[in-house]
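Chemist: Before I ask anything, here is the structure I am working with.
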Amino acid sequence: MAMKLDGAVALVTGTSRGVGVKYVDALLARGAAKVYATARDPAAVIERHADAWGPRVEVFGLDVTDAAQVADAANRCADLTVLINNAGINRMQGFVAARSATDARAEMATNYFGTLSMVRAFASTLGANGGGAIVNMLSILARATMPVMGSLCASKAAAFALTQGVRAELRAQGTQVIAVMPGAIDTDMSRDFPPPKLAPEAVVAAALDAVEAGVDDVYPGAMAEQLAAGLARDYRAVEAQLAKRLPG
Ligand SMILES: NC(=O)c1ccc[n+]([C@@H]2O[C@H](COP(=O)([O-])OP(=O)(O)OC[C@H]3O[C@@H](n4cnc5c(N)ncnc54)[C@H](OP(=O)(O)O)[C@@H]3O)[C@@H](O)[C@H]2O)c1
């Protein structure tokens with residue numbers, strides 16, 4: 001399964017900053033007919049980007065943890081052919097070292113349940129419009145746990161399981177379901193993370209290339225590629241390597 005983005009109608013979550021903004025830029029550059037740029041604070045997005053993005057972009061409010069807003073989005077975007085689940089949070093907490101499980105629950109609510117809500121809301125629309133594609137922004141840490149941000153890893157691992165299951169469930173309707181699993185990206189989220197960090201534009205280019213080439217799992221950047229290769233060889237060795245990054 002593969003699809004051309006020229007003429008596509010896409011929705012991107014989390015377009016207030018970071019990778020989400022670059023998804024909108026790149027979709028426009030690849031000829032998307034329409035991009036729904038969604039964010040928790042749409043007014044700020046309009047102020048910052050509406051002029052540059054122009055008439056092909058429609059900005060509206062969407063918190064992926066709000067079921068009513070997700071349902072409204074699905075009603076509004078009946079023409080959708082590409083869903084990009086980009087919104088995410090990382091509270092940088094360990095499992096035991098965290099003072100409570102509050103941050104772990106918040107990460108699960110956004111990164112896993114938010115993605116699940118969006119996929120469930122838009123699956124039939126994508127099917128009705130010919131199949132299309134779902135792009136889930138995960139992380140290489142969906143496949144291996146770094147203890148310093150353990151609960152983030154758990155939420156991304158859950159979203160990876162979701163990606164695999166949805167891929168199977170929607171195959172018959174022709175929907176391509178892509179897992180994007182980069183290493184650290186140079187955005188607010190990784191502000192305190194040491195270099196090297198990927199340019200968000202490079203991650204977006206790899207993800208959109210995968211849509212157009214029909215590739216299911218994408219590992220942008222050397223760190224993700226090396227960890228993925230290591231996992232295939234000896235996953236306990238990767239676990240031992242990441243175990244050095246402890247909380248505190
Ligand atoms: N940065 C990295 O190192 C890295 C590495 C691997 C994967 N990723 C993944 O890449 C994606 C984009 O991250 P980023 O680096 O661009 O991070 P970022 O700069 O922190 O941006 C996160 C975006 O998600 C939005 N968001 C958070 N919770 C939301 C919710 N409930 N509903 C709607 N939008 C919400 C934020 O909106 P507000 O402005 O309203 O907070 C913001 O637009 C995430 O899924 C992240 O996990 C990032």
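In the structure tokens, the first chain shown is A, the next is B, and so on; residue numbers restart at 1 for each chain, and ligands run from 1 in the order shown.
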Around ligand 1, at most 8 Å away and counting only C-alpha atoms and all ligand atoms, which residues are there? Put them as a PyMOL selection string, please.
Modeler: chain A and resi 13-21+38-41+62-66+85-90+109-111+114+136-141+156+180-191+193+197-198+200
Chemist: I'd like the contact shell of stretch 52-58 of chain A - 12 Å cut-off, only C-alpha atoms, skipping same-chain residues fewer than 5 positions apart - returned as a PyMOL selection string.
Modeler: chain A and resi 7-12+15+21-29+31-39+42-43+45-47+73+76-77
Chemist: Mind pulling up the distance from atom CA of A:Leu116 to atom CA of A:Gly221?
Modeler: 26.3 Å
Chemist: Please identify which residues in stretch 95-135 of chain A DSSP calls alpha helix (DSSP H) from the backbone, and express them as a PyMOL selection string.
Modeler: chain A and resi 102-107+115-128
Chemist: Please dump the current selection as a PDB file, in the first residue's frame; keep C-alpha atoms.
Modeler:
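Result written to part.pdb:
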```pdb
ATOM      1  CA  THR A 102      -0.178  11.015  37.546  1.00  0.00           C
ATOM      2  CA  ASP A 103       2.307  11.742  34.768  1.00  0.00           C
ATOM      3  CA  ALA A 104       2.216   8.136  33.557  1.00  0.00           C
ATOM      4  CA  ARG A 105      -1.576   8.383  33.270  1.00  0.00           C
ATOM      5  CA  ALA A 106      -1.343  11.690  31.388  1.00  0.00           C
ATOM      6  CA  GLU A 107       1.151  10.215  28.899  1.00  0.00           C
ATOM      7  CA  THR A 115      -4.236   8.131  19.207  1.00  0.00           C
ATOM      8  CA  LEU A 116      -6.795   5.361  19.726  1.00  0.00           C
ATOM      9  CA  SER A 117      -9.671   7.887  19.780  1.00  0.00           C
ATOM     10  CA  MET A 118      -8.481   9.519  16.575  1.00  0.00           C
ATOM     11  CA  VAL A 119      -8.036   6.210  14.769  1.00  0.00           C
ATOM     12  CA  ARG A 120     -11.467   4.976  15.833  1.00  0.00           C
ATOM     13  CA  ALA A 121     -13.112   8.273  14.845  1.00  0.00           C
ATOM     14  CA  PHE A 122     -11.549   8.419  11.363  1.00  0.00           C
ATOM     15  CA  ALA A 123     -11.225   4.762  10.296  1.00  0.00           C
ATOM     16  CA  SER A 124     -14.542   4.623   8.447  1.00  0.00           C
ATOM     17  CA  THR A 125     -13.972   8.002   6.758  1.00  0.00           C
ATOM     18  CA  LEU A 126     -10.597   6.834   5.437  1.00  0.00           C
ATOM     19  CA  GLY A 127     -12.193   3.622   4.182  1.00  0.00           C
ATOM     20  CA  ALA A 128     -14.996   5.533   2.455  1.00  0.00           C
TER      21      ALA A 128
END
```
Chemist: Name the closest residue to A:Tyr235 among the candidates A:Thr175, A:Thr145, A:Asn75, A:Gln93; distances are taken between atoms, counting only C-alpha atoms.
Modeler: A:Thr145
Chemist: Using atom CA of A:Arg143 and atom CA of A:Ala157 as the two end points, give the distance in Å to one decimal.
Modeler: 6.1 Å
Chemist: One decimal, in Å: what's the spacing between atom CA of A:Leu170 and atom CA of A:Asp72?
Modeler: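 One can read the atom CA of A:Leu170 to atom CA of A:Asp72 distance as 22.2 Å.
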Chemist: With a distance cut-off of 10 Å and only C-alpha atoms, select the neighbouring residues of A:Ala228, excluding the residue or stretch itself and same-chain residues fewer than 2 positions from it, and output the selection as a list in words.
Modeler: Ile140, Arg143, Ala144, Met181, Tyr219, Ala222, Met223, Ala224, Glu225, Gln226, Gly230, Leu231, Ala232, Arg233, Tyr235 and Val238 of chain A
Chemist: Write the residues of the selection above to a file with C-alpha atoms, as an mmCIF file, in the first residue's frame.
Modeler:
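What landed in result_11.cif:
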```cif
data_model
loop_
_atom_site.group_PDB
_atom_site.id
_atom_site.type_symbol
_atom_site.label_atom_id
_atom_site.label_comp_id
_atom_site.auth_asym_id
_atom_site.auth_seq_id
_atom_site.Cartn_x
_atom_site.Cartn_y
_atom_site.Cartn_z
ATOM 1 C CA ILE A 140 12.269 4.285 18.915
ATOM 2 C CA ARG A 143 10.457 -0.665 21.185
ATOM 3 C CA ALA A 144 12.921 -0.341 24.080
ATOM 4 C CA MET A 181 10.036 5.680 15.297
ATOM 5 C CA TYR A 219 13.263 4.648 11.788
ATOM 6 C CA ALA A 222 21.140 7.015 12.953
ATOM 7 C CA MET A 223 20.172 6.523 16.617
ATOM 8 C CA ALA A 224 16.856 4.881 15.718
ATOM 9 C CA GLU A 225 18.393 2.839 12.915
ATOM 10 C CA GLN A 226 21.158 1.541 15.189
ATOM 11 C CA GLY A 230 20.488 -3.857 17.797
ATOM 12 C CA LEU A 231 17.018 -5.024 18.816
ATOM 13 C CA ALA A 232 16.934 -7.430 15.900
ATOM 14 C CA ARG A 233 20.351 -8.830 16.921
ATOM 15 C CA TYR A 235 17.379 -6.993 22.459
ATOM 16 C CA VAL A 238 19.924 -2.816 23.919
#
```
Chemist: Using only C-alpha atoms, pick whichever of A:Arg30, A:Arg91, A:Arg99, A:His49 has the shortest atom-to-atom distance to A:Lys4.
Modeler: A:Arg30
Chemist: Residues at most 10 Å from A:Ala210, counting only C-alpha atoms, excluding those fewer than 4 positions away in the same chain, as a ChimeraX atom specification?
Modeler: /A:2-3,135,176,178-180,204-206,214-218
Chemist: Hey, what does DSSP flag as strand (DSSP E) within stretch 106-241 of chain A? Can you give it to me as JSON, numbers by chain?
Modeler: {"A": [133, 134, 135, 136, 137, 176, 177, 178, 179, 180, 217, 218]}
